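Novice: Sharing a structure below in structure tokens format, with a few things to ask.
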Amino acid sequence: MTLRTLIYGARQIVTVTRNRNEKFLCGKDMHDIGIVKSDAVGLSLLIENEDIVAIGTDDDIAREFEGIEVDQKIDATGCCILPGFIDAHTHPIWAGDRVHEYAKKLAGATYMEIMREGGGIGFTVEQTRLASDKDLLVSLVARLKRMLHAGTTYVECKTGYGLEWPDELRLLKILEQARSHVPIGISITYCAAHAIPKNKTAEEMTDDIVNNQIKALKKLMDEKELNVNDIDVFCEKGVYDIEQSRRILLAGKEIGLSINFHGDELNYTGSAEMGAQIGARAISHLECVSDEGIRAMAEAKTVAVILPHTGYTLRIELPPVRRMIDAGVPVALGTDANPNAFSSAMSISMNLACVLCRMSLEEALAAATINSAAALGISDKYGSIEVGKKADLIICRCPSWEHIIYQFGDHTHLIRHVLKHGTIVYTKNT
């Protein structure tokens, strides 16, 4: 049975890509995004089941599909239609908060100083272990719903507040459960190498992850109990060094996980060069990336996932995004939603990317859609408005699409509908 939805009357449809089957945008193409505009006539988008089947003016779509029954019509008069945002980096499953650490950071304490005092990731690991499965699921679903209401239709979700296998496994299972509780796409990343437990050294933890945890994970994936997509490691001075990180990432790659990790954040570690060499699909942070690392990522077309909210919160230097774009690195965006950088709205990340990283509005939108999809390996189906792609859409009540970035923090007023696979999953009550 075919279900058809017609969205009509739109002022703009932001396709993002200009050519079909583009997997990402880089260089000047990030600025030259596709936009269908019309001030004289309305624009329509026709959906069959989950997929986009036609884009055009109201009259053209009406003529082309004359006589075809439409099950649902959505009036988008005067509105803009955008692809659903894709958040390429989050840590959404945890318990407790770190508001007390926020005050310390404002007073000048660094991220690593707080970690050495027993705060940061270690504190959240302890709080998460104390929480019940039910409480973790409820808080996770609430965060995912806030993301959905802010226009995010697909999100990367990391573990990392378990570290030891029993706790990591619990978080993986709860992330799987969340799929049936909220209509948002979820890409799961195994991130046991997020920090080092108090009772282990980095080398001991590396051996445990490579020889025990990853083998146990493979068994559960083979038995279809878990659907895990990526592997991550915090490659950083005082956490996992470059060789330990390489071992962990390659062990994950051997069981079919894609490499998508934290690198060159607080210190230069050579993460970008190493990641490009071993076939990383994406590397996040990159505040301290070298010029050689940028060249290596550009050549390998490894996606750089930029997290401006984190740099803003930690008061650290932001990544050299302009150099990355000029070199041809595909740049994506994430919120880095976690207890350290508490944000779940991609529109805020886009605004910060424009102001702090000097990205254009168009570059920021490309980063939050098609390039974030590429970072997760899903840009064949998501990240742009194209015939044949999934109908993950945002309908915004604004005169032009730029307002979703320009009106800082006011996305709740602008977003009228969010659609997931052609179905309305959120409507703003006016």
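Following the order of the structure tokens, first chain is A, next is B, and so on, with residues numbered from 1 inside each chain and ligands from 1 in the order they appear.
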So that each row is one residue of range 161-253 of chain A with an atom at most 12 Å from range 116-129 of chain A, can you give its shortest atom pair and the distance in Å to one decimal, using only C-alpha atoms, rows by chain and rising number, as a Markdown table?

Specialist:
| residue | atom | partner | partner_atom | distance |
| --- | --- | --- | --- | --- |
| A:Tyr161 | CA | A:Val125 | CA | 4.5 |
| A:Gly162 | CA | A:Val125 | CA | 5.8 |
| A:Leu163 | CA | A:Val125 | CA | 7.8 |
| A:Glu164 | CA | A:Val125 | CA | 9.9 |
| A:Pro166 | CA | A:Arg129 | CA | 10.1 |
| A:Asp167 | CA | A:Arg129 | CA | 7.1 |
| A:Glu168 | CA | A:Arg129 | CA | 10.0 |
| A:Leu169 | CA | A:Arg129 | CA | 11.9 |
| A:Arg170 | CA | A:Arg129 | CA | 9.6 |
| A:Leu171 | CA | A:Thr128 | CA | 9.4 |
| A:Ala192 | CA | A:Val125 | CA | 11.0 |
| A:Ala193 | CA | A:Ile121 | CA | 11.3 |
| A:His194 | CA | A:Ile121 | CA | 7.9 |
| A:Ala195 | CA | A:Ile121 | CA | 6.9 |
| A:Ile196 | CA | A:Gly122 | CA | 8.2 |
| A:Pro197 | CA | A:Gly122 | CA | 7.4 |
| A:Lys198 | CA | A:Gly122 | CA | 8.3 |
| A:Asn199 | CA | A:Gly122 | CA | 11.7 |
| A:Phe234 | CA | A:Ile121 | CA | 11.3 |
| A:Gly238 | CA | A:Arg116 | CA | 9.7 |
| A:Val239 | CA | A:Arg116 | CA | 11.0 |

Novice: Write the selection just made, keeping C-alpha atoms, as an mmCIF file, in the first residue's frame?

Specialist:
data_model
loop_
_atom_site.group_PDB
_atom_site.id
_atom_site.type_symbol
_atom_site.label_atom_id
_atom_site.label_comp_id
_atom_site.auth_asym_id
_atom_site.auth_seq_id
_atom_site.Cartn_x
_atom_site.Cartn_y
_atom_site.Cartn_z
ATOM 1 C CA TYR A 161 30.197 6.682 30.556
ATOM 2 C CA GLY A 162 30.614 3.004 31.353
ATOM 3 C CA LEU A 163 34.239 2.238 30.350
ATOM 4 C CA GLU A 164 34.272 -1.272 31.861
ATOM 5 C CA PRO A 166 29.453 -4.631 31.952
ATOM 6 C CA ASP A 167 28.667 -0.911 32.129
ATOM 7 C CA GLU A 168 29.365 -0.267 28.444
ATOM 8 C CA LEU A 169 27.133 -3.205 27.518
ATOM 9 C CA ARG A 170 24.343 -1.790 29.661
ATOM 10 C CA LEU A 171 24.574 1.561 27.859
ATOM 11 C CA ALA A 192 34.684 2.481 25.999
ATOM 12 C CA ALA A 193 37.996 4.270 25.337
ATOM 13 C CA HIS A 194 36.527 7.584 26.495
ATOM 14 C CA ALA A 195 38.643 7.716 29.667
ATOM 15 C CA ILE A 196 40.712 5.432 31.883
ATOM 16 C CA PRO A 197 39.039 3.813 34.919
ATOM 17 C CA LYS A 198 40.662 4.435 38.303
ATOM 18 C CA ASN A 199 41.750 0.809 38.648
ATOM 19 C CA PHE A 234 39.687 9.768 23.086
ATOM 20 C CA GLY A 238 47.047 11.819 29.439
ATOM 21 C CA VAL A 239 44.303 9.542 28.090
#

Novice: For range 41-49 of chain A, list every protein, DNA or RNA residue within 10 Å, evaluated using only C-alpha atoms, and leave out those in the same chain fewer than 6 positions away; present the list as a tab-separated table (two decimals) with all heavy atoms, in the first residue's frame.

Specialist:
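As a result, selection_20.tsv now contains:
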chain	number	residue	atom	x	y	z
A	1	MET	N	0.84	-1.20	0.00
A	1	MET	CA	0.00	0.00	0.00
A	1	MET	C	0.88	1.25	0.00
A	1	MET	O	1.82	1.36	0.78
A	1	MET	CB	-0.91	0.02	1.22
A	1	MET	CG	-1.83	1.22	1.30
A	1	MET	SD	-2.88	1.15	2.77
A	1	MET	CE	-3.76	2.71	2.57
A	2	THR	N	0.58	2.17	-0.91
A	2	THR	CA	1.36	3.40	-1.01
A	2	THR	C	0.65	4.53	-0.30
A	2	THR	O	-0.53	4.80	-0.55
A	2	THR	CB	1.56	3.79	-2.49
A	2	THR	OG1	2.26	2.73	-3.16
A	2	THR	CG2	2.37	5.07	-2.59
A	3	LEU	N	1.36	5.18	0.62
A	3	LEU	CA	0.84	6.36	1.31
A	3	LEU	C	1.55	7.59	0.76
A	3	LEU	O	2.78	7.64	0.71
A	3	LEU	CB	1.09	6.24	2.82
A	3	LEU	CG	0.38	5.09	3.54
A	3	LEU	CD1	0.81	5.04	5.00
A	3	LEU	CD2	-1.13	5.26	3.45
A	4	ARG	N	0.75	8.57	0.36
A	4	ARG	CA	1.32	9.78	-0.24
A	4	ARG	C	1.04	10.99	0.62
A	4	ARG	O	-0.07	11.18	1.12
A	4	ARG	CB	0.75	10.00	-1.64
A	4	ARG	CG	1.13	8.93	-2.65
A	4	ARG	CD	0.68	9.30	-4.05
A	4	ARG	NE	1.03	8.24	-5.00
A	4	ARG	CZ	0.25	7.21	-5.28
A	4	ARG	NH1	-0.94	7.10	-4.70
A	4	ARG	NH2	0.65	6.30	-6.15
A	5	THR	N	2.08	11.82	0.77
A	5	THR	CA	1.97	13.09	1.49
A	5	THR	C	2.42	14.21	0.56
A	5	THR	O	3.49	14.11	-0.06
A	5	THR	CB	2.84	13.09	2.76
A	5	THR	OG1	2.39	12.05	3.63
A	5	THR	CG2	2.77	14.43	3.47
A	6	LEU	N	1.62	15.25	0.47
A	6	LEU	CA	1.96	16.41	-0.35
A	6	LEU	C	2.17	17.61	0.56
A	6	LEU	O	1.29	17.99	1.32
A	6	LEU	CB	0.84	16.72	-1.35
A	6	LEU	CG	1.05	17.97	-2.21
A	6	LEU	CD1	2.23	17.78	-3.16
A	6	LEU	CD2	-0.23	18.33	-2.96
A	7	ILE	N	3.36	18.18	0.47
A	7	ILE	CA	3.64	19.46	1.15
A	7	ILE	C	3.58	20.54	0.07
A	7	ILE	O	4.24	20.42	-0.96
A	7	ILE	CB	5.03	19.44	1.81
A	7	ILE	CG1	5.18	18.23	2.73
A	7	ILE	CG2	5.26	20.73	2.59
A	7	ILE	CD1	6.58	18.06	3.29
A	8	TYR	N	2.79	21.56	0.29
A	8	TYR	CA	2.57	22.55	-0.77
A	8	TYR	C	2.65	23.98	-0.22
A	8	TYR	O	2.56	24.21	0.99
A	8	TYR	CB	1.21	22.33	-1.42
A	8	TYR	CG	0.03	22.60	-0.51
A	8	TYR	CD1	-0.59	23.86	-0.47
A	8	TYR	CD2	-0.47	21.61	0.33
A	8	TYR	CE1	-1.66	24.11	0.38
A	8	TYR	CE2	-1.54	21.85	1.18
A	8	TYR	CZ	-2.13	23.10	1.20
A	8	TYR	OH	-3.18	23.35	2.05
A	9	GLY	N	2.84	24.92	-1.14
A	9	GLY	CA	2.80	26.33	-0.79
A	9	GLY	C	4.09	26.90	-0.24
A	9	GLY	O	4.12	28.07	0.18
A	10	ALA	N	5.17	26.13	-0.23
A	10	ALA	CA	6.41	26.59	0.38
A	10	ALA	C	7.03	27.75	-0.39
A	10	ALA	O	6.88	27.87	-1.61
A	10	ALA	CB	7.41	25.44	0.48
A	11	ARG	N	7.76	28.58	0.32
A	11	ARG	CA	8.49	29.70	-0.27
A	11	ARG	C	9.87	29.26	-0.76
A	11	ARG	O	10.36	29.70	-1.80
A	11	ARG	CB	8.65	30.81	0.77
A	11	ARG	CG	9.34	32.07	0.28
A	11	ARG	CD	9.66	32.97	1.46
A	11	ARG	NE	8.44	33.40	2.13
A	11	ARG	CZ	7.88	34.60	2.02
A	11	ARG	NH1	8.45	35.50	1.22
A	11	ARG	NH2	6.79	34.92	2.66
A	12	GLN	N	10.51	28.36	0.01
A	12	GLN	CA	11.83	27.85	-0.35
A	12	GLN	C	11.92	26.37	-0.01
A	12	GLN	O	11.36	25.92	0.99
A	12	GLN	CB	12.94	28.58	0.42
A	12	GLN	CG	13.10	30.05	0.09
A	12	GLN	CD	14.27	30.67	0.87
A	12	GLN	OE1	14.75	30.12	1.84
A	12	GLN	NE2	14.69	31.84	0.42
A	13	ILE	N	12.63	25.62	-0.86
A	13	ILE	CA	13.02	24.24	-0.55
A	13	ILE	C	14.54	24.19	-0.65
A	13	ILE	O	15.10	24.39	-1.74
A	13	ILE	CB	12.37	23.22	-1.49
A	13	ILE	CG1	10.84	23.27	-1.38
A	13	ILE	CG2	12.88	21.82	-1.18
A	13	ILE	CD1	10.11	22.34	-2.33
A	55	ILE	N	9.81	17.16	-6.58
A	55	ILE	CA	10.01	18.51	-6.07
A	55	ILE	C	9.70	19.46	-7.22
A	55	ILE	O	10.19	19.26	-8.34
A	55	ILE	CB	11.45	18.74	-5.58
A	55	ILE	CG1	11.85	17.71	-4.51
A	55	ILE	CG2	11.64	20.16	-5.06
A	55	ILE	CD1	13.35	17.63	-4.28
A	56	GLY	N	8.92	20.50	-6.97
A	56	GLY	CA	8.62	21.46	-8.04
A	56	GLY	C	7.63	22.50	-7.58
A	56	GLY	O	7.30	22.60	-6.39
A	57	THR	N	7.12	23.29	-8.53
A	57	THR	CA	6.09	24.27	-8.18
A	57	THR	C	4.78	23.52	-7.91
A	57	THR	O	4.57	22.38	-8.32
A	57	THR	CB	5.86	25.27	-9.31
A	57	THR	OG1	5.30	24.58	-10.43
A	57	THR	CG2	7.17	25.96	-9.71
A	58	ASP	N	3.89	24.21	-7.20
A	58	ASP	CA	2.58	23.60	-6.91
A	58	ASP	C	1.89	23.18	-8.20
A	58	ASP	O	1.35	22.06	-8.30
A	58	ASP	CB	1.69	24.60	-6.16
A	58	ASP	CG	2.16	24.87	-4.75
A	58	ASP	OD1	3.04	24.13	-4.26
A	58	ASP	OD2	1.66	25.83	-4.12
A	59	ASP	N	1.91	24.05	-9.21
A	59	ASP	CA	1.23	23.74	-10.47
A	59	ASP	C	1.88	22.57	-11.19
A	59	ASP	O	1.19	21.69	-11.72
A	59	ASP	CB	1.21	24.98	-11.38
A	59	ASP	CG	0.30	26.08	-10.85
A	59	ASP	OD1	-0.56	25.76	-9.98
A	59	ASP	OD2	0.43	27.22	-11.30
A	60	ASP	N	3.21	22.55	-11.23
A	60	ASP	CA	3.90	21.46	-11.92
A	60	ASP	C	3.63	20.11	-11.28
A	60	ASP	O	3.38	19.11	-11.98
A	60	ASP	CB	5.41	21.73	-11.95
A	60	ASP	CG	5.79	22.85	-12.90
A	60	ASP	OD1	4.94	23.23	-13.74
A	60	ASP	OD2	6.92	23.36	-12.79
A	61	ILE	N	3.67	20.07	-9.97
A	61	ILE	CA	3.41	18.80	-9.26
A	61	ILE	C	1.96	18.38	-9.45
A	61	ILE	O	1.67	17.19	-9.66
A	61	ILE	CB	3.76	18.93	-7.77
A	61	ILE	CG1	5.25	19.24	-7.58
A	61	ILE	CG2	3.37	17.67	-7.01
A	61	ILE	CD1	6.18	18.18	-8.10
A	62	ALA	N	1.05	19.36	-9.40
A	62	ALA	CA	-0.37	19.03	-9.60
A	62	ALA	C	-0.61	18.45	-10.99
A	62	ALA	O	-1.37	17.48	-11.15
A	62	ALA	CB	-1.23	20.28	-9.39
A	65	PHE	N	1.13	14.83	-11.38
A	65	PHE	CA	0.52	13.75	-10.61
A	65	PHE	C	-1.01	13.89	-10.57
A	65	PHE	O	-1.65	13.45	-9.62
A	65	PHE	CB	1.11	13.74	-9.20
A	65	PHE	CG	2.57	13.39	-9.17
A	65	PHE	CD1	3.54	14.40	-9.22
A	65	PHE	CD2	2.98	12.07	-9.14
A	65	PHE	CE1	4.89	14.08	-9.23
A	65	PHE	CE2	4.33	11.75	-9.14
A	65	PHE	CZ	5.29	12.75	-9.18
A	70	VAL	N	-3.86	11.49	-2.84
A	70	VAL	CA	-2.93	11.93	-1.80
A	70	VAL	C	-3.59	11.70	-0.44
A	70	VAL	O	-4.73	12.11	-0.22
A	70	VAL	CB	-2.56	13.42	-1.97
A	70	VAL	CG1	-1.74	13.91	-0.78
A	70	VAL	CG2	-1.78	13.62	-3.27
A	71	ASP	N	-2.88	11.04	0.46
A	71	ASP	CA	-3.45	10.69	1.76
A	71	ASP	C	-3.37	11.83	2.76
A	71	ASP	O	-4.23	11.95	3.64
A	71	ASP	CB	-2.71	9.47	2.32
A	71	ASP	CG	-2.82	8.27	1.42
A	71	ASP	OD1	-3.85	7.59	1.47
A	71	ASP	OD2	-1.88	8.03	0.63
A	72	GLN	N	-2.34	12.67	2.65
A	72	GLN	CA	-2.17	13.77	3.60
A	72	GLN	C	-1.60	14.98	2.88
A	72	GLN	O	-0.69	14.85	2.07
A	72	GLN	CB	-1.23	13.37	4.74
A	72	GLN	CG	-0.95	14.48	5.74
A	72	GLN	CD	-0.03	14.07	6.87
A	72	GLN	OE1	-0.29	14.30	8.04
A	72	GLN	NE2	1.08	13.43	6.53
A	73	LYS	N	-2.16	16.14	3.19
A	73	LYS	CA	-1.64	17.39	2.65
A	73	LYS	C	-1.18	18.27	3.81
A	73	LYS	O	-1.87	18.40	4.82
A	73	LYS	CB	-2.70	18.12	1.84
A	73	LYS	CG	-3.09	17.40	0.55
A	73	LYS	CD	-4.07	18.22	-0.28
A	73	LYS	CE	-4.42	17.52	-1.59
A	73	LYS	NZ	-5.35	18.32	-2.43
A	74	ILE	N	0.01	18.87	3.63
A	74	ILE	CA	0.57	19.76	4.64
A	74	ILE	C	0.73	21.14	4.02
A	74	ILE	O	1.45	21.31	3.04
A	74	ILE	CB	1.93	19.24	5.14
A	74	ILE	CG1	1.79	17.84	5.76
A	74	ILE	CG2	2.52	20.20	6.17
A	74	ILE	CD1	3.10	17.18	6.11
A	75	ASP	N	0.06	22.11	4.60
A	75	ASP	CA	0.12	23.48	4.10
A	75	ASP	C	1.39	24.15	4.62
A	75	ASP	O	1.54	24.39	5.82
A	75	ASP	CB	-1.13	24.24	4.56
A	75	ASP	CG	-1.21	25.66	3.98
A	75	ASP	OD1	-0.26	26.06	3.28
A	75	ASP	OD2	-2.22	26.34	4.25
A	76	ALA	N	2.31	24.44	3.71
A	76	ALA	CA	3.57	25.10	4.08
A	76	ALA	C	3.63	26.51	3.49
A	76	ALA	O	4.71	27.03	3.22
A	76	ALA	CB	4.74	24.28	3.58
A	77	THR	N	2.47	27.14	3.34
A	77	THR	CA	2.41	28.46	2.73
A	77	THR	C	3.34	29.45	3.45
A	77	THR	O	3.25	29.63	4.67
A	77	THR	CB	0.97	29.00	2.76
A	77	THR	OG1	0.12	28.10	2.03
A	77	THR	CG2	0.90	30.39	2.13
A	78	GLY	N	4.24	30.05	2.67
A	78	GLY	CA	5.17	31.03	3.23
A	78	GLY	C	6.30	30.44	4.02
A	78	GLY	O	7.11	31.19	4.60
A	79	CYS	N	6.42	29.12	4.06
A	79	CYS	CA	7.44	28.46	4.89
A	79	CYS	C	8.64	28.01	4.05
A	79	CYS	O	8.60	28.01	2.83
A	79	CYS	CB	6.84	27.25	5.61
A	79	CYS	SG	5.55	27.67	6.82
A	80	CYS	N	9.67	27.60	4.75
A	80	CYS	CA	10.86	27.03	4.13
A	80	CYS	C	10.98	25.57	4.54
A	80	CYS	O	10.74	25.23	5.71
A	80	CYS	CB	12.11	27.79	4.56
A	80	CYS	SG	12.07	29.55	4.14
A	81	ILE	N	11.37	24.73	3.60
A	81	ILE	CA	11.57	23.30	3.87
A	81	ILE	C	13.06	23.01	3.80
A	81	ILE	O	13.73	23.32	2.81
A	81	ILE	CB	10.81	22.43	2.87
A	81	ILE	CG1	9.32	22.80	2.83
A	81	ILE	CG2	10.97	20.96	3.21
A	81	ILE	CD1	8.52	22.08	1.74
A	385	ILE	N	17.67	17.10	0.31
A	385	ILE	CA	16.32	16.89	-0.24
A	385	ILE	C	16.49	16.54	-1.71
A	385	ILE	O	16.75	17.39	-2.55
A	385	ILE	CB	15.44	18.14	-0.05
A	385	ILE	CG1	15.26	18.43	1.45
A	385	ILE	CG2	14.09	17.95	-0.72
A	385	ILE	CD1	14.44	19.67	1.76
A	386	GLU	N	16.37	15.26	-1.99
A	386	GLU	CA	16.53	14.74	-3.36
A	386	GLU	C	15.49	13.66	-3.61
A	386	GLU	O	15.09	12.94	-2.69
A	386	GLU	CB	17.90	14.10	-3.54
A	386	GLU	CG	19.08	15.00	-3.37
A	386	GLU	CD	20.38	14.23	-3.56
A	386	GLU	OE1	20.46	13.41	-4.51
A	386	GLU	OE2	21.31	14.42	-2.76
A	387	VAL	N	15.08	13.54	-4.84
A	387	VAL	CA	14.21	12.43	-5.23
A	387	VAL	C	14.94	11.12	-4.93
A	387	VAL	O	16.10	10.94	-5.30
A	387	VAL	CB	13.83	12.52	-6.72
A	387	VAL	CG1	13.11	11.25	-7.17
A	387	VAL	CG2	12.96	13.75	-6.97
A	388	GLY	N	14.25	10.24	-4.23
A	388	GLY	CA	14.82	8.95	-3.87
A	388	GLY	C	15.36	8.88	-2.46
A	388	GLY	O	15.60	7.78	-1.94
A	389	LYS	N	15.57	10.04	-1.84
A	389	LYS	CA	16.07	10.03	-0.46
A	389	LYS	C	14.91	9.99	0.54
A	389	LYS	O	13.76	10.28	0.21
A	389	LYS	CB	16.96	11.25	-0.19
A	389	LYS	CG	18.36	11.10	-0.75
A	389	LYS	CD	19.31	12.10	-0.11
A	389	LYS	CE	20.75	11.80	-0.48
A	389	LYS	NZ	21.71	12.71	0.19
A	390	LYS	N	15.24	9.65	1.78
A	390	LYS	CA	14.25	9.60	2.84
A	390	LYS	C	13.72	11.01	3.13
A	390	LYS	O	14.47	11.98	3.14
A	390	LYS	CB	14.83	8.99	4.11
A	390	LYS	CG	15.29	7.54	3.95
A	390	LYS	CD	14.15	6.63	3.54
A	390	LYS	CE	14.60	5.20	3.34
A	390	LYS	NZ	13.50	4.33	2.83
A	391	ALA	N	12.43	11.07	3.41
A	391	ALA	CA	11.77	12.36	3.66
A	391	ALA	C	11.91	12.74	5.14
A	391	ALA	O	10.95	12.73	5.91
A	391	ALA	CB	10.31	12.29	3.25
A	421	HIS	N	10.90	10.20	7.90
A	421	HIS	CA	10.45	9.22	6.90
A	421	HIS	C	9.04	9.52	6.41
A	421	HIS	O	8.22	8.63	6.21
A	421	HIS	CB	10.51	7.81	7.49
A	421	HIS	CG	11.91	7.30	7.67
A	421	HIS	ND1	12.19	6.07	8.21
A	421	HIS	CD2	13.12	7.85	7.36
A	421	HIS	CE1	13.51	5.89	8.24
A	421	HIS	NE2	14.09	6.96	7.73
A	422	GLY	N	8.77	10.81	6.21
A	422	GLY	CA	7.50	11.24	5.64
A	422	GLY	C	6.36	11.39	6.60
A	422	GLY	O	5.26	11.81	6.22
A	423	THR	N	6.58	11.09	7.88
A	423	THR	CA	5.54	11.19	8.89
A	423	THR	C	5.82	12.37	9.81
A	423	THR	O	6.97	12.54	10.27
A	423	THR	CB	5.47	9.89	9.72
A	423	THR	OG1	5.14	8.80	8.87
A	423	THR	CG2	4.42	10.00	10.82

Novice: Counting only C-alpha atoms, figure out which residue out of A:Leu148, A:Val425, A:Ala353, A:Leu333 gets nearest to Thr412 in chain A.

Specialist: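 Of the candidates, the smallest distance to Thr412 in chain A is held by A:Leu148.
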
Novice: Skipping near chain neighbours, those fewer than 3 positions away, what residues fall within 8 Å of Ala375 in chain A using only C-alpha atoms, listed as a PyMOL selection string?

Specialist: chain A and resi 88+260+281-282+303-305+332+371-372+378

Novice: With only C-alpha atoms as the atoms that count, which of A:Thr17, A:Cys26, A:Arg416, A:His285 lies nearest to Glu299 in chain A?

Specialist: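 Distance minimum relative to Glu299 in chain A lands on A:Cys26.
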
Novice: If we count only C-alpha atoms and set the cut-off at 9 Å, which residues sit around Lys105 in chain A, ignoring sequence neighbours fewer than 5 positions away in its own chain? Please answer as an MDAnalysis selection string.

Specialist: chainID A and resid 110:111 114 313:315

Novice: Run DSSP on the backbone and give me the residues of range 245-341 of chain A it puts in strand (DSSP E or B), as an MDAnalysis selection string.

Specialist: chainID A and resid 258:263 282:285 303:306 331:333 337

Novice: Only N, CA and C atoms, please: the residues just picked out, written as a PDB file, in the first residue's frame.

Specialist:
ATOM      1  N   SER A 258      32.998   1.289  11.768  1.00  0.00           N
ATOM      2  CA  SER A 258      33.676   2.400  11.103  1.00  0.00           C
ATOM      3  C   SER A 258      34.399   3.247  12.145  1.00  0.00           C
ATOM      4  N   ILE A 259      35.499   3.840  11.729  1.00  0.00           N
ATOM      5  CA  ILE A 259      36.331   4.625  12.652  1.00  0.00           C
ATOM      6  C   ILE A 259      35.843   6.069  12.671  1.00  0.00           C
ATOM      7  N   ASN A 260      35.515   6.542  13.875  1.00  0.00           N
ATOM      8  CA  ASN A 260      34.924   7.867  14.067  1.00  0.00           C
ATOM      9  C   ASN A 260      35.315   8.309  15.470  1.00  0.00           C
ATOM     10  N   PHE A 261      36.398   9.086  15.607  1.00  0.00           N
ATOM     11  CA  PHE A 261      36.973   9.249  16.941  1.00  0.00           C
ATOM     12  C   PHE A 261      37.348  10.698  17.283  1.00  0.00           C
ATOM     13  N   HIS A 262      37.620  10.899  18.607  1.00  0.00           N
ATOM     14  CA  HIS A 262      38.078  12.188  19.131  1.00  0.00           C
ATOM     15  C   HIS A 262      39.574  12.341  18.847  1.00  0.00           C
ATOM     16  N   GLY A 263      39.978  13.471  18.261  1.00  0.00           N
ATOM     17  CA  GLY A 263      41.391  13.656  18.002  1.00  0.00           C
ATOM     18  C   GLY A 263      41.830  15.100  18.015  1.00  0.00           C
ATOM     19  N   ALA A 282      35.520   9.571  10.022  1.00  0.00           N
ATOM     20  CA  ALA A 282      35.367  10.910  10.606  1.00  0.00           C
ATOM     21  C   ALA A 282      36.267  11.050  11.822  1.00  0.00           C
ATOM     22  N   ILE A 283      36.701  12.279  12.069  1.00  0.00           N
ATOM     23  CA  ILE A 283      37.455  12.630  13.271  1.00  0.00           C
ATOM     24  C   ILE A 283      36.822  13.888  13.852  1.00  0.00           C
ATOM     25  N   SER A 284      36.594  13.875  15.159  1.00  0.00           N
ATOM     26  CA  SER A 284      35.926  15.005  15.819  1.00  0.00           C
ATOM     27  C   SER A 284      36.909  15.885  16.571  1.00  0.00           C
ATOM     28  N   HIS A 285      36.485  17.109  16.829  1.00  0.00           N
ATOM     29  CA  HIS A 285      37.196  18.151  17.583  1.00  0.00           C
ATOM     30  C   HIS A 285      38.229  18.836  16.705  1.00  0.00           C
ATOM     31  N   VAL A 303      35.988  12.997   7.117  1.00  0.00           N
ATOM     32  CA  VAL A 303      35.138  14.115   7.530  1.00  0.00           C
ATOM     33  C   VAL A 303      35.624  14.679   8.861  1.00  0.00           C
ATOM     34  N   ALA A 304      35.732  15.998   8.928  1.00  0.00           N
ATOM     35  CA  ALA A 304      36.064  16.692  10.178  1.00  0.00           C
ATOM     36  C   ALA A 304      34.762  17.106  10.865  1.00  0.00           C
ATOM     37  N   VAL A 305      34.511  16.551  12.050  1.00  0.00           N
ATOM     38  CA  VAL A 305      33.296  16.893  12.795  1.00  0.00           C
ATOM     39  C   VAL A 305      33.646  17.985  13.804  1.00  0.00           C
ATOM     40  N   ILE A 306      33.125  19.178  13.552  1.00  0.00           N
ATOM     41  CA  ILE A 306      33.453  20.351  14.351  1.00  0.00           C
ATOM     42  C   ILE A 306      32.403  20.538  15.447  1.00  0.00           C
ATOM     43  N   VAL A 331      33.593  19.188   6.023  1.00  0.00           N
ATOM     44  CA  VAL A 331      33.398  19.605   7.414  1.00  0.00           C
ATOM     45  C   VAL A 331      31.951  19.365   7.824  1.00  0.00           C
ATOM     46  N   ALA A 332      31.777  18.678   8.947  1.00  0.00           N
ATOM     47  CA  ALA A 332      30.454  18.391   9.503  1.00  0.00           C
ATOM     48  C   ALA A 332      30.331  19.063  10.864  1.00  0.00           C
ATOM     49  N   LEU A 333      29.130  18.996  11.442  1.00  0.00           N
ATOM     50  CA  LEU A 333      28.868  19.631  12.731  1.00  0.00           C
ATOM     51  C   LEU A 333      28.173  18.668  13.686  1.00  0.00           C
ATOM     52  N   ALA A 337      26.516  17.033  22.597  1.00  0.00           N
ATOM     53  CA  ALA A 337      25.627  17.009  23.766  1.00  0.00           C
ATOM     54  C   ALA A 337      26.163  16.049  24.823  1.00  0.00           C
TER      55      ALA A 337
END

Novice: Excluding same-chain residues fewer than 6 positions from Lys237 in chain A, what lies within 10 Å of it counting only C-alpha atoms, as a list in words?

Specialist: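 The residues that qualify are Met112, Asp264, Glu265, Leu266, Asn267, Tyr268 and Thr269 of chain A.
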
Novice: Ranking A:His309, A:Lys37, A:Lys381, A:Arg179 by minimum distance to Ser349 in chain A and counting only C-alpha atoms, which one comes first?

Specialist: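 Smallest distance to Ser349 in chain A is found for A:His309.
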
Novice: Among range 193-385 of chain A, which residues carry a DSSP assignment of alpha helix (DSSP H), reported as a PyMOL selection string?

Specialist: chain A and resi 202-208+214-222+242-254+271-277+291-300+308-314+321-327+346-357+361-368+370-375

Novice: Taking only C-alpha atoms into account, which of A:Leu217, A:Ala150, A:Ile255, A:Val228 comes nearest Ile188 in chain A?

Specialist: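 Distance minimum relative to Ile188 in chain A lands on A:Val228.
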
Novice: Do a neighbour search on Cys191 in chain A at 7 Å with only C-alpha atoms, toss out local chain neighbours closer than 2 positions, and write the hits as an NGL selection string.

Specialist: :A and (158-160 or 189 or 193-194 or 231-233)

Novice: Between CA of Leu175 in chain A and CA of Leu137 in chain A, measure the distance and give it in Å to one decimal.

Specialist: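 These atoms are spaced 7.8 Å apart.
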
Novice: Excluding Thr15 in chain A and any residue of its chain fewer than 4 positions from it, enumerate the residues within 9 Å of it, using only C-alpha atoms, and give them as a list in words.

Specialist: Ile33, Gly34, Ile35, Val36, Ile81, Leu82, Pro83, Gly383, Ser384, Ile385 and Glu386 of chain A

Novice: Using only C-alpha atoms, which of the listed residues (A:Pro320, A:Gly377, A:Gly256, A:Gly328) sits closest to Leu286 in chain A?

Specialist: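 For Leu286 in chain A, the nearest of the candidates is A:Pro320.
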